>>> print(open('start_21.cif').read())   # mmCIF, C-alpha atoms and all ligand atoms
data_coords
loop_
_atom_site.label_atom_id
_atom_site.label_comp_id
_atom_site.auth_asym_id
_atom_site.auth_seq_id
_atom_site.Cartn_x
_atom_site.Cartn_y
_atom_site.Cartn_z
CA MET A 1 -189.49 -9.81 228.00
CA ASP A 2 -185.72 -9.80 227.58
CA ALA A 3 -183.34 -9.96 224.61
CA ILE A 4 -181.57 -13.12 225.73
CA SER A 5 -184.76 -15.22 225.71
CA VAL A 6 -185.64 -13.92 222.22
CA ILE A 7 -182.13 -14.77 220.96
CA ARG A 8 -182.35 -18.24 222.55
CA THR A 9 -185.70 -18.97 220.87
CA LYS A 10 -184.25 -18.34 217.43
CA ARG A 11 -180.85 -19.84 218.23
CA ASP A 12 -182.66 -23.08 219.14
CA ARG A 13 -184.69 -22.99 215.88
CA GLY A 14 -187.96 -21.98 217.52
CA GLU A 15 -190.67 -19.73 216.08
CA LEU A 16 -190.68 -16.18 217.45
CA THR A 17 -194.05 -15.16 218.90
CA PRO A 18 -195.75 -11.93 217.75
CA GLU A 19 -195.09 -10.50 221.24
CA GLN A 20 -191.38 -11.33 221.06
CA ILE A 21 -191.08 -9.73 217.61
CA ASP A 22 -192.96 -6.56 218.55
CA TRP A 23 -190.94 -6.20 221.73
CA VAL A 24 -187.48 -6.79 220.26
CA ILE A 25 -187.99 -4.40 217.32
CA ASP A 26 -189.38 -1.68 219.56
CA ALA A 27 -186.71 -2.14 222.25
CA TYR A 28 -183.89 -2.14 219.68
CA THR A 29 -185.24 1.05 218.09
CA ARG A 30 -185.32 2.72 221.54
CA GLY A 31 -181.80 1.52 222.39
CA GLU A 32 -182.91 -0.88 225.12
CA VAL A 33 -181.67 -3.89 223.16
CA ALA A 34 -177.93 -3.40 222.51
CA HIS A 35 -176.29 -3.66 219.05
CA GLU A 36 -174.44 -6.82 220.12
CA GLN A 37 -177.72 -8.45 221.15
CA MET A 38 -179.42 -7.51 217.89
CA SER A 39 -176.44 -8.71 215.89
CA SER A 40 -176.64 -12.04 217.67
CA LEU A 41 -180.37 -12.29 216.91
CA ALA A 42 -179.74 -11.28 213.27
CA MET A 43 -177.17 -14.09 213.00
CA ALA A 44 -179.63 -16.58 214.52
CA ILE A 45 -182.25 -15.47 211.96
CA PHE A 46 -179.63 -15.66 209.21
CA LEU A 47 -178.81 -19.25 210.17
CA ASN A 48 -182.27 -20.55 211.13
CA GLY A 49 -184.64 -18.40 209.05
CA MET A 50 -188.16 -17.17 209.80
CA ASN A 51 -191.43 -18.50 208.40
CA ARG A 52 -193.89 -16.28 206.46
CA THR A 53 -195.92 -15.54 209.60
CA GLU A 54 -192.83 -14.36 211.46
CA ILE A 55 -191.67 -12.31 208.45
CA ALA A 56 -195.06 -10.58 208.15
CA ARG A 57 -195.02 -9.68 211.84
CA TRP A 58 -191.35 -8.57 211.76
CA THR A 59 -192.14 -6.31 208.76
CA ALA A 60 -195.24 -4.87 210.48
CA ALA A 61 -193.18 -4.17 213.62
CA MET A 62 -190.51 -2.37 211.55
CA ILE A 63 -193.23 -0.27 209.86
CA ALA A 64 -194.73 0.52 213.28
CA SER A 65 -191.31 1.64 214.58
CA GLY A 66 -191.85 4.94 212.79
CA GLU A 67 -194.19 7.14 210.81
CA ARG A 68 -196.03 6.48 207.53
CA MET A 69 -195.92 8.93 204.67
CA ASP A 70 -198.88 9.98 202.57
CA PHE A 71 -198.60 11.03 198.93
CA SER A 72 -202.34 11.11 198.29
CA SER A 73 -202.22 14.90 197.74
CA LEU A 74 -200.07 14.46 194.61
CA PRO A 75 -201.83 14.85 191.26
CA ARG A 76 -199.91 11.91 189.73
CA PRO A 77 -199.97 8.17 190.56
CA THR A 78 -196.95 7.04 192.60
CA ALA A 79 -194.60 4.28 191.46
CA ASP A 80 -191.39 3.17 193.11
CA LYS A 81 -188.80 0.46 192.48
CA HIS A 82 -186.29 -1.22 194.74
CA SER A 83 -183.36 -3.41 193.90
CA THR A 84 -182.13 -6.12 196.23
CA GLY A 85 -178.59 -4.94 195.48
CA GLY A 86 -176.02 -5.69 192.83
CA VAL A 87 -172.69 -4.69 191.31
CA GLY A 88 -172.79 -1.76 188.91
CA ASP A 89 -176.51 -1.43 189.63
CA LYS A 90 -176.97 2.28 188.91
CA ILE A 91 -180.45 1.79 187.42
CA THR A 92 -182.28 4.02 189.92
CA LEU A 93 -180.35 7.04 188.66
CA PRO A 94 -181.71 7.09 185.09
CA LEU A 95 -184.96 5.27 185.99
CA ALA A 96 -186.47 7.71 188.50
CA PRO A 97 -186.32 10.81 186.25
CA LEU A 98 -187.32 8.71 183.23
CA VAL A 99 -190.51 7.45 184.87
CA ALA A 100 -191.26 10.97 186.12
CA ALA A 101 -190.86 12.24 182.56
CA CYS A 102 -193.56 9.73 181.57
CA GLY A 103 -196.09 11.09 184.08
CA ALA A 104 -195.72 9.14 187.34
CA ALA A 105 -194.48 10.48 190.68
CA VAL A 106 -191.42 8.54 191.85
CA PRO A 107 -190.71 8.79 195.61
CA GLN A 108 -187.47 6.85 195.52
CA LEU A 109 -186.20 6.23 199.04
CA SER A 110 -182.78 4.69 198.64
CA GLY A 111 -179.99 3.22 200.71
CA ARG A 112 -176.24 3.21 201.08
CA GLY A 113 -173.87 0.42 200.08
CA LEU A 114 -174.52 -2.93 201.68
CA GLY A 115 -171.72 -5.51 201.72
CA HIS A 116 -170.01 -5.66 198.31
CA THR A 117 -172.97 -3.96 196.58
CA GLY A 118 -173.12 -0.23 195.88
CA GLY A 119 -175.71 2.16 197.32
CA THR A 120 -177.67 4.75 195.35
CA LEU A 121 -177.11 7.49 197.95
CA ASP A 122 -173.34 6.92 198.01
CA LYS A 123 -173.36 7.21 194.21
CA LEU A 124 -175.36 10.43 194.08
CA GLU A 125 -173.26 12.01 196.83
CA ALA A 126 -170.39 11.99 194.30
CA ILE A 127 -172.20 14.94 192.67
CA PRO A 128 -170.91 18.16 194.27
CA GLY A 129 -173.52 19.72 196.56
CA TRP A 130 -176.14 16.94 196.26
CA ARG A 131 -178.01 16.23 199.51
CA ALA A 132 -179.45 12.80 200.40
CA THR A 133 -181.22 13.99 203.52
CA LEU A 134 -184.47 15.90 203.00
CA SER A 135 -187.28 16.68 205.41
CA ASN A 136 -190.64 15.12 204.56
CA ASP A 137 -191.86 18.53 203.33
CA GLU A 138 -188.80 19.00 201.12
CA MET A 139 -189.29 15.51 199.70
CA LEU A 140 -192.92 16.25 198.88
CA ASN A 141 -191.98 19.58 197.27
CA VAL A 142 -189.35 18.00 194.99
CA LEU A 143 -191.85 15.29 194.07
CA ARG A 144 -194.50 17.89 193.27
CA ASP A 145 -192.14 20.19 191.30
CA VAL A 146 -189.99 17.64 189.46
CA GLY A 147 -191.93 14.37 189.63
CA SER A 148 -189.10 12.30 191.10
CA VAL A 149 -186.95 12.44 194.21
CA ILE A 150 -184.16 10.13 195.33
CA CYS A 151 -183.32 10.52 199.02
CA ALA A 152 -182.59 8.77 202.28
CA ALA A 153 -185.53 7.58 204.30
CA GLY A 154 -186.15 10.27 206.93
CA ASP A 155 -185.25 9.49 210.53
CA GLY A 156 -188.91 8.93 211.28
CA LEU A 157 -189.50 6.27 208.60
CA ALA A 158 -188.86 2.65 209.63
CA PRO A 159 -186.09 3.67 212.07
CA ALA A 160 -185.74 0.02 213.10
CA ASP A 161 -184.60 -0.79 209.57
CA LYS A 162 -182.16 2.11 209.54
CA LYS A 163 -180.36 0.68 212.60
CA LEU A 164 -180.60 -2.94 211.54
CA TYR A 165 -179.47 -2.26 207.95
CA ALA A 166 -176.25 -0.58 209.17
CA LEU A 167 -175.69 -3.40 211.68
CA ARG A 168 -176.18 -6.17 209.11
CA ASP A 169 -173.74 -4.47 206.75
CA VAL A 170 -170.88 -5.08 209.20
CA THR A 171 -171.92 -8.35 210.88
CA GLY A 172 -172.15 -10.76 207.93
CA THR A 173 -175.95 -10.99 208.16
CA VAL A 174 -177.00 -9.46 204.85
CA GLU A 175 -177.83 -12.48 202.67
CA SER A 176 -180.99 -13.60 204.47
CA ILE A 177 -184.43 -13.80 202.81
CA PRO A 178 -186.42 -12.78 205.95
CA LEU A 179 -184.06 -9.89 206.74
CA ILE A 180 -183.88 -8.58 203.16
CA ALA A 181 -187.64 -8.91 202.55
CA SER A 182 -188.61 -7.15 205.79
CA SER A 183 -185.95 -4.45 205.32
CA ILE A 184 -187.10 -3.52 201.84
CA MET A 185 -190.83 -3.89 202.34
CA SER A 186 -191.01 -2.05 205.69
CA LYS A 187 -189.52 1.06 204.04
CA LYS A 188 -191.63 0.82 200.91
CA ILE A 189 -194.92 0.22 202.73
CA ALA A 190 -194.21 3.00 205.28
CA GLU A 191 -193.31 5.31 202.41
CA GLY A 192 -196.84 4.94 201.06
CA THR A 193 -196.16 4.28 197.38
CA GLY A 194 -199.20 3.09 195.42
CA SER A 195 -197.19 0.64 193.32
CA LEU A 196 -193.81 -1.00 193.58
CA VAL A 197 -191.55 -2.86 191.17
CA LEU A 198 -188.90 -5.04 192.79
CA ASP A 199 -185.67 -5.82 190.96
CA VAL A 200 -184.54 -9.08 192.54
CA LYS A 201 -180.97 -9.77 191.50
CA VAL A 202 -179.74 -13.32 190.90
CA GLY A 203 -176.15 -14.49 190.52
CA SER A 204 -172.71 -14.27 192.08
CA GLY A 205 -172.88 -10.50 192.61
CA ALA A 206 -176.34 -10.66 194.23
CA PHE A 207 -177.31 -11.68 197.75
CA MET A 208 -179.41 -14.45 196.15
CA LYS A 209 -176.98 -16.64 194.23
CA ASP A 210 -179.55 -18.99 192.65
CA LEU A 211 -182.97 -18.79 191.05
CA ASP A 212 -184.83 -20.78 193.71
CA ASN A 213 -183.76 -18.43 196.51
CA ALA A 214 -184.44 -15.38 194.35
CA ARG A 215 -187.96 -16.69 193.60
CA GLU A 216 -188.58 -17.24 197.31
CA LEU A 217 -187.38 -13.70 198.13
CA ALA A 218 -189.47 -12.19 195.31
CA SER A 219 -192.67 -14.02 196.22
CA THR A 220 -192.21 -13.17 199.93
CA MET A 221 -191.93 -9.47 199.06
CA VAL A 222 -194.79 -9.52 196.54
CA GLU A 223 -197.02 -11.13 199.19
CA LEU A 224 -196.01 -8.54 201.83
CA GLY A 225 -196.70 -5.66 199.45
CA THR A 226 -200.02 -7.05 198.25
CA ASP A 227 -201.18 -7.73 201.82
CA HIS A 228 -200.52 -4.05 202.61
CA GLY A 229 -202.43 -2.78 199.55
CA VAL A 230 -199.37 -1.91 197.41
CA ARG A 231 -199.53 -3.15 193.76
CA THR A 232 -196.26 -5.13 193.75
CA VAL A 233 -194.45 -6.91 190.90
CA ALA A 234 -190.95 -8.44 190.89
CA LEU A 235 -188.51 -8.98 188.04
CA LEU A 236 -185.71 -11.48 188.59
CA THR A 237 -182.68 -10.04 186.79
CA ASP A 238 -179.19 -11.28 186.06
CA MET A 239 -176.28 -10.41 188.35
CA ALA A 240 -173.69 -12.97 187.21
CA THR A 241 -171.68 -10.15 185.59
CA PRO A 242 -171.74 -6.47 186.62
CA LEU A 243 -174.36 -4.24 185.03
CA GLY A 244 -172.84 -1.88 182.49
CA LEU A 245 -169.17 -0.99 182.43
CA THR A 246 -168.64 0.64 185.83
CA ALA A 247 -168.84 -0.24 189.55
CA GLY A 248 -168.14 2.61 191.96
CA ASN A 249 -169.82 5.83 192.91
CA ALA A 250 -168.78 8.68 190.56
CA LEU A 251 -168.00 6.16 187.79
CA GLU A 252 -171.62 4.97 187.90
CA VAL A 253 -173.04 8.50 187.92
CA ARG A 254 -171.08 9.20 184.73
CA GLU A 255 -172.51 6.08 183.07
CA SER A 256 -176.05 6.92 184.18
CA VAL A 257 -175.77 10.35 182.58
CA GLU A 258 -174.66 8.65 179.35
CA VAL A 259 -177.88 6.58 179.45
CA LEU A 260 -179.97 9.70 180.03
CA ALA A 261 -178.20 11.31 177.06
CA GLY A 262 -179.47 8.47 174.85
CA GLY A 263 -176.29 6.31 174.93
CA GLY A 264 -174.77 4.05 177.58
CA PRO A 265 -174.27 0.27 177.73
CA GLN A 266 -176.99 -1.85 176.17
CA ASP A 267 -177.73 -3.93 179.32
CA VAL A 268 -178.22 -0.82 181.46
CA VAL A 269 -180.57 0.70 178.86
CA GLU A 270 -182.52 -2.57 178.49
CA LEU A 271 -183.05 -3.01 182.24
CA THR A 272 -183.91 0.67 182.76
CA LEU A 273 -186.61 0.42 180.07
CA ALA A 274 -187.97 -2.92 181.33
CA LEU A 275 -188.36 -1.56 184.88
CA ALA A 276 -189.80 1.72 183.59
CA ARG A 277 -192.49 -0.17 181.64
CA GLU A 278 -193.41 -2.22 184.72
CA MET A 279 -193.62 0.90 186.89
CA LEU A 280 -195.74 2.76 184.37
CA ASP A 281 -198.06 -0.24 183.92
CA ALA A 282 -198.45 -0.60 187.69
CA ALA A 283 -199.20 3.12 187.95
CA GLY A 284 -201.91 2.83 185.27
CA LEU A 285 -199.87 4.75 182.63
CA LYS A 286 -199.81 2.01 180.02
CA ASP A 287 -199.60 4.38 177.04
CA ALA A 288 -196.43 6.17 178.16
CA ASP A 289 -193.34 5.56 176.02
CA PRO A 290 -190.13 5.49 178.11
CA ALA A 291 -187.88 4.83 175.08
CA LYS A 292 -189.12 8.10 173.58
CA ALA A 293 -188.49 9.97 176.85
CA LEU A 294 -184.87 8.77 176.82
CA ALA A 295 -184.41 9.69 173.16
CA ASP A 296 -186.06 13.13 173.22
CA GLY A 297 -184.14 14.49 176.23
CA SER A 298 -187.12 14.79 178.56
CA ALA A 299 -185.67 12.20 181.00
CA MET A 300 -182.37 14.14 181.01
CA ASP A 301 -184.27 17.35 181.69
CA HIS A 302 -185.98 15.72 184.71
CA TRP A 303 -182.60 14.41 185.95
CA ARG A 304 -181.04 17.89 185.85
CA ARG A 305 -183.98 19.43 187.68
CA MET A 306 -184.04 16.64 190.29
CA ILE A 307 -180.28 16.97 191.02
CA ALA A 308 -180.51 20.77 191.23
CA ALA A 309 -183.59 20.60 193.51
CA GLN A 310 -181.47 18.60 195.99
CA GLY A 311 -178.58 21.09 195.95
CA GLY A 312 -176.44 19.32 193.34
CA ASP A 313 -174.80 20.86 190.30
CA PRO A 314 -175.63 18.67 187.29
CA ASP A 315 -172.85 20.37 185.29
CA ALA A 316 -170.10 19.97 187.91
CA ALA A 317 -167.11 17.77 187.10
CA LEU A 318 -167.36 14.45 188.94
CA PRO A 319 -164.57 13.43 191.34
CA VAL A 320 -161.80 11.29 189.85
CA ALA A 321 -159.67 8.95 191.98
CA ARG A 322 -156.05 9.96 192.45
CA GLU A 323 -154.56 6.66 191.18
CA GLN A 324 -155.39 4.17 188.45
CA HIS A 325 -154.12 0.66 187.74
CA VAL A 326 -154.86 -1.08 184.44
CA VAL A 327 -155.35 -4.86 184.31
CA THR A 328 -154.49 -6.27 180.87
CA ALA A 329 -155.30 -9.57 179.15
CA ALA A 330 -152.53 -12.12 179.67
CA SER A 331 -153.43 -13.92 176.41
CA SER A 332 -155.55 -13.47 173.31
CA GLY A 333 -158.94 -15.17 173.04
CA THR A 334 -162.49 -14.75 174.32
CA LEU A 335 -163.35 -13.19 177.68
CA THR A 336 -165.35 -16.04 179.21
CA THR A 337 -165.83 -14.84 182.80
CA LEU A 338 -166.22 -11.45 184.44
CA ASP A 339 -167.57 -12.35 187.84
CA ALA A 340 -169.86 -9.79 189.45
CA TYR A 341 -168.91 -10.68 193.03
CA ALA A 342 -165.18 -10.41 192.25
CA VAL A 343 -165.66 -6.98 190.66
CA GLY A 344 -167.93 -5.79 193.49
CA LEU A 345 -165.46 -6.93 196.14
CA ALA A 346 -162.58 -5.26 194.26
CA ALA A 347 -164.55 -1.97 194.07
CA TRP A 348 -165.38 -2.23 197.78
CA ARG A 349 -161.72 -2.89 198.66
CA LEU A 350 -160.63 0.09 196.54
CA GLY A 351 -162.78 2.33 198.77
CA ALA A 352 -166.19 2.44 197.04
CA GLY A 353 -167.84 0.75 200.07
CA ARG A 354 -167.35 0.80 203.83
CA ALA A 355 -165.93 -1.73 206.31
CA ARG A 356 -167.41 -0.11 209.45
CA ARG A 357 -170.73 1.69 209.91
CA GLU A 358 -169.10 5.08 210.32
CA ASP A 359 -166.58 4.83 207.43
CA PRO A 360 -166.75 7.36 204.56
CA VAL A 361 -166.68 6.08 200.96
CA GLN A 362 -164.37 7.37 198.24
CA ALA A 363 -166.37 9.06 195.49
CA GLY A 364 -163.86 8.25 192.73
CA ALA A 365 -163.02 4.65 193.72
CA GLY A 366 -164.19 1.65 191.75
CA VAL A 367 -163.67 -0.54 188.70
CA GLU A 368 -164.11 0.36 185.07
CA LEU A 369 -164.64 -2.54 182.64
CA HIS A 370 -163.28 -2.43 179.10
CA ALA A 371 -164.73 -5.77 177.91
CA LYS A 372 -167.66 -8.04 178.75
CA PRO A 373 -168.04 -11.84 178.48
CA GLY A 374 -168.08 -12.94 174.85
CA ASP A 375 -165.78 -10.15 173.67
CA THR A 376 -162.67 -11.08 171.71
CA VAL A 377 -159.55 -9.71 173.40
CA THR A 378 -155.88 -9.58 172.45
CA ALA A 379 -152.90 -10.11 174.76
CA GLY A 380 -151.94 -6.84 176.47
CA GLN A 381 -155.33 -5.21 175.88
CA PRO A 382 -156.77 -3.36 178.93
CA LEU A 383 -159.58 -5.40 180.54
CA LEU A 384 -160.22 -3.34 183.69
CA THR A 385 -159.06 -0.07 185.23
CA LEU A 386 -158.99 0.08 189.03
CA HIS A 387 -159.50 3.54 190.59
CA THR A 388 -158.63 4.57 194.15
CA ASP A 389 -157.25 7.36 196.34
CA THR A 390 -155.43 4.72 198.40
CA PRO A 391 -153.05 2.90 196.00
CA GLU A 392 -151.85 0.60 198.78
CA LYS A 393 -155.24 -1.14 198.23
CA PHE A 394 -154.43 -2.20 194.64
CA ALA A 395 -152.90 -5.53 195.68
CA TYR A 396 -155.89 -6.28 197.94
CA ALA A 397 -158.34 -5.48 195.12
CA LEU A 398 -156.35 -7.57 192.62
CA GLU A 399 -156.60 -10.51 195.01
CA ALA A 400 -160.40 -10.17 194.88
CA LEU A 401 -160.26 -10.42 191.08
CA ASP A 402 -158.19 -13.60 191.13
CA GLY A 403 -160.12 -16.26 189.16
CA GLY A 404 -162.95 -13.81 188.45
CA VAL A 405 -161.66 -12.56 185.09
CA LEU A 406 -160.87 -15.37 182.65
CA VAL A 407 -159.80 -15.38 179.01
CA GLY A 408 -160.23 -18.68 177.12
CA PRO A 409 -159.37 -19.70 173.55
CA GLU A 410 -161.18 -17.78 170.81
CA ASP A 411 -163.79 -20.55 170.37
CA ALA A 412 -164.28 -21.05 174.14
CA ALA A 413 -167.82 -21.47 175.42
CA PHE A 414 -169.12 -18.61 177.56
CA ALA A 415 -172.46 -18.12 179.26
CA THR A 416 -174.45 -14.90 179.08
CA ASN A 417 -177.88 -14.70 180.62
CA PRO A 418 -180.77 -12.53 179.50
CA VAL A 419 -181.03 -9.27 181.48
CA VAL A 420 -184.57 -10.14 182.72
CA LEU A 421 -184.92 -13.79 183.78
CA GLU A 422 -188.45 -13.99 185.19
CA ARG A 423 -191.44 -11.95 186.33
CA ILE A 424 -193.33 -12.69 189.55
CA ALA A 425 -196.63 -10.95 190.32
N1 LIG B 501 -181.92 -3.40 200.21
C1 LIG B 501 -182.47 -3.10 201.42
O1 LIG B 501 -183.09 -2.05 201.60
N2 LIG B 501 -182.34 -3.99 202.41
C2 LIG B 501 -181.67 -5.15 202.27
O2 LIG B 501 -181.61 -5.91 203.20
C3 LIG B 501 -181.09 -5.46 201.01
C4 LIG B 501 -181.23 -4.56 199.98
#
>>> encode(input="start_21.cif", output="structure tokens")
Amino acid sequence: MDAISVIRTKRDRGELTPEQIDWVIDAYTRGEVAHEQMSSLAMAIFLNGMNRTEIARWTAAMIASGERMDFSSLPRPTADKHSTGGVGDKITLPLAPLVAACGAAVPQLSGRGLGHTGGTLDKLEAIPGWRATLSNDEMLNVLRDVGSVICAAGDGLAPADKKLYALRDVTGTVESIPLIASSIMSKKIAEGTGSLVLDVKVGSGAFMKDLDNARELASTMVELGTDHGVRTVALLTDMATPLGLTAGNALEVRESVEVLAGGGPQDVVELTLALAREMLDAAGLKDADPAKALADGSAMDHWRRMIAAQGGDPDAALPVAREQHVVTAASSGTLTTLDAYAVGLAAWRLGAGRARREDPVQAGAGVELHAKPGDTVTAGQPLLTLHTDTPEKFAYALEALDGGVLVGPEDAAFATNPVVLERIA
């Protein structure tokens, strides 16, 4: 077998055989297939797709590229959630300790930023001292002691995805149903969670821009999970505007702590509770009350213990970017558009995301929103604050926002979608 014949099969719209898939994933993991060959194959898959049989085999090969974890020794049922990626999507931060406070064990393996979307690990690394990398034993100990852990997948877990994820981030091959479904599900199945809730984002700031594609992605992942014995449910949720009022690493940690303290933006609270209820149901904890755990401080208590168990100081001041630039409303009226992709791209350009695999991210960079669609604004009122350590990027970020933030007359029509659009089980 050789990489060029595998690339040619997909380039010419053929179906990859099980042998080709097993070989290419294994050879890429071992370094025998070069990054440029895998990026060419990823682009061929991006352009020509894979059918469900190919996706199932590709996912199985990614699982087989590494070890499988086993949480069966834990006294609590396990429940995990994974988002397909959005702008301002900080939900994992309040959700994991909240669900742990309600009695489930949450082994939350998370990722770094992908394209214009933020990554949970990049966000949490804004907390001084916090460590994303834990050994399997450390992960199990935090899970046992606290009930939730948020960390990077260990080197041994789906290593093929680790390499491919970083490659896709910088080769324009992210927005592909087969590649997203196999990436997410290989990690979650190898991780060994008993149940899984998928948050499939839909809209300009998501990788799936429309409902039909999001449904296809969700049902592909639900089928993969179910076939591997994981109770899997998907919620399709809105990503036409950013979630909450912040996009960027430390900015989103601050907002998540507000939610854990019983406040925070209404859409973030609503989605956190909706996902918590699904996770608790799937874990067989139907009587738990996540709203109570947010209100009575028990979720906050779990958060503080989880951060401290991973070396972080939950009381430390969060990093703040060196420079700010305020964008004001040019006229009075109604804010009709606040486009999630435009805000995500602006945050990425300000330094919240990376352009090359090895780039660091800026903890303080990002975008703070002062109004959401439907709000009445007056001329000169701040609409957004841009944060960065590299002020020469302001013009580049402002270009990303061009046409993405619109104020219409006071009676202008504006569209807001419900937070949860559909459920697929
Ligand atoms: N999250 C992942 O883990 N992989 C993807 O491809 C997209 C979102």
>>> closest_residue(input="start_21.cif", among="A:Ala342, A:Leu167, A:Leu134, A:Leu275", to="ligand LIG 501 (chain B)", atoms="all atoms listed in the file")
A:Leu167
>>> residues_around(input="start_21.cif", residues="A:Arg30", least_positions_apart="5", cutoff="10 Å", atoms="all atoms listed in the file", output="PDB file with C-alpha atoms, in the frame of the given file")
ATOM      1  CA  VAL A  24    -187.480  -6.790 220.260  1.00  0.00           C
ATOM      2  CA  ILE A  25    -187.990  -4.400 217.320  1.00  0.00           C
ATOM      3  CA  SER A  65    -191.310   1.640 214.580  1.00  0.00           C
ATOM      4  CA  PRO A 159    -186.090   3.670 212.070  1.00  0.00           C
ATOM      5  CA  ALA A 160    -185.740   0.020 213.100  1.00  0.00           C
TER       6      ALA A 160
END
>>> residues_near_ligand(input="start_21.cif", ligand="ligand LIG 501 (chain B)", cutoff="7 Å", atoms="all atoms listed in the file", output="number ranges by chain")
A: 83-85, 111, 165, 174, 179-181, 183-184
>>> write_last_selection(input="start_21.cif", atoms="C-alpha atoms", output="PDB file, keeping the file's coordinate frame")
ATOM      1  CA  SER A  83    -183.360  -3.410 193.900  1.00  0.00           C
ATOM      2  CA  THR A  84    -182.130  -6.120 196.230  1.00  0.00           C
ATOM      3  CA  GLY A  85    -178.590  -4.940 195.480  1.00  0.00           C
ATOM      4  CA  GLY A 111    -179.990   3.220 200.710  1.00  0.00           C
ATOM      5  CA  TYR A 165    -179.470  -2.260 207.950  1.00  0.00           C
ATOM      6  CA  VAL A 174    -177.000  -9.460 204.850  1.00  0.00           C
ATOM      7  CA  LEU A 179    -184.060  -9.890 206.740  1.00  0.00           C
ATOM      8  CA  ILE A 180    -183.880  -8.580 203.160  1.00  0.00           C
ATOM      9  CA  ALA A 181    -187.640  -8.910 202.550  1.00  0.00           C
ATOM     10  CA  SER A 183    -185.950  -4.450 205.320  1.00  0.00           C
ATOM     11  CA  ILE A 184    -187.100  -3.520 201.840  1.00  0.00           C
TER      12      ILE A 184
END
>>> closest_residue(input="start_21.cif", among="A:Leu294, A:Glu36, A:Pro75, A:Arg349", to="A:Gly263", atoms="all atoms listed in the file")
A:Leu294
>>> residues_around(input="start_21.cif", residues="stretch 135-137 of chain A", least_positions_apart="3", cutoff="7 Å", atoms="only C-alpha atoms", output="PyMOL selection string")
chain A and resi 140-141+154
>>> closest_residue(input="start_21.cif", among="A:Val233, A:Ala329, A:Val142, A:Ala346", to="A:Leu280", atoms="only C-alpha atoms")
A:Val233
>>> residues_around(input="start_21.cif", residues="A:Ala234", least_positions_apart="2", cutoff="10 Å", atoms="all atoms listed in the file", output="list in words")
Lys81, His82, Ser83, Leu196, Val197, Leu198, Asp199, Val200, Arg215, Leu217, Ala218, Ser219, Met221, Val222, Thr232, Leu236, Thr237, Leu275, Glu278, Glu422, Arg423, Ile424 and Ala425 of chain A
>>> write_last_selection(input="start_21.cif", atoms="C-alpha atoms", output="compact mmCIF listing (two decimals), in the coordinates of the input")
# COMPACT_ATOMS: atom_id res chain seq x y z
CA LYS A 81 -188.80 0.46 192.48
CA HIS A 82 -186.29 -1.22 194.74
CA SER A 83 -183.36 -3.41 193.90
CA LEU A 196 -193.81 -1.00 193.58
CA VAL A 197 -191.55 -2.86 191.17
CA LEU A 198 -188.90 -5.04 192.79
CA ASP A 199 -185.67 -5.82 190.96
CA VAL A 200 -184.54 -9.08 192.54
CA ARG A 215 -187.96 -16.69 193.60
CA LEU A 217 -187.38 -13.70 198.13
CA ALA A 218 -189.47 -12.19 195.31
CA SER A 219 -192.67 -14.02 196.22
CA MET A 221 -191.93 -9.47 199.06
CA VAL A 222 -194.79 -9.52 196.54
CA THR A 232 -196.26 -5.13 193.75
CA LEU A 236 -185.71 -11.48 188.59
CA THR A 237 -182.68 -10.04 186.79
CA LEU A 275 -188.36 -1.56 184.88
CA GLU A 278 -193.41 -2.22 184.72
CA GLU A 422 -188.45 -13.99 185.19
CA ARG A 423 -191.44 -11.95 186.33
CA ILE A 424 -193.33 -12.69 189.55
CA ALA A 425 -196.63 -10.95 190.32
>>> closest_residue(input="start_21.cif", among="A:Val343, A:Ala3, A:Leu338, A:Val320", to="A:Gly408", atoms="all atoms listed in the file")
A:Leu338
>>> closest_residue(input="start_21.cif", among="A:Val361, A:Leu383, A:Ala126, A:Leu211", to="A:Ala317", atoms="all atoms listed in the file")
A:Ala126
>>> residues_around(input="start_21.cif", residues="A:Arg304", least_positions_apart="4", cutoff="8 Å", atoms="all atoms listed in the file", output="list in words")
Met300, Ala308 and Pro314 of chain A
>>> residues_near_point(input="start_21.cif", point="(-174.1, -0.7, 209.2)", cutoff="9 Å", atoms="only C-alpha atoms", output="count of residues only")
16
>>> closest_atom_pairs(input="start_21.cif", of="stretch 286-354 of chain A", to="stretch 115-122 of chain A", cutoff="8 Å", atoms="only C-alpha atoms", output="JSON lines")
{"residue": "A:Tyr341", "atom": "CA", "partner": "A:His116", "partner_atom": "CA", "distance": 7.4}
{"residue": "A:Gly344", "atom": "CA", "partner": "A:His116", "partner_atom": "CA", "distance": 5.3}
{"residue": "A:Leu345", "atom": "CA", "partner": "A:His116", "partner_atom": "CA", "distance": 5.2}
{"residue": "A:Ala347", "atom": "CA", "partner": "A:His116", "partner_atom": "CA", "distance": 7.8}
{"residue": "A:Trp348", "atom": "CA", "partner": "A:His116", "partner_atom": "CA", "distance": 5.8}
{"residue": "A:Ala352", "atom": "CA", "partner": "A:Gly118", "partner_atom": "CA", "distance": 7.5}
{"residue": "A:Gly353", "atom": "CA", "partner": "A:Gly118", "partner_atom": "CA", "distance": 6.8}
{"residue": "A:Arg354", "atom": "CA", "partner": "A:Gly115", "partner_atom": "CA", "distance": 8.0}
>>> axis_aligned_box(input="start_21.cif", around="stretch 329-347 of chain A", padding_each_side="8 Å", output="AutoDock Vina command-line options")
--center_x -161.2 --center_y -9.0 --center_z 184.6 --size_x 33.3 --size_y 30.1 --size_z 39.1
>>> residues_around(input="start_21.cif", residues="A:Gly404", least_positions_apart="2", cutoff="12 Å", atoms="all atoms listed in the file", output="ChimeraX atom specification")
/A:204-205,240-242,335-346,373,384,397-402,406-407
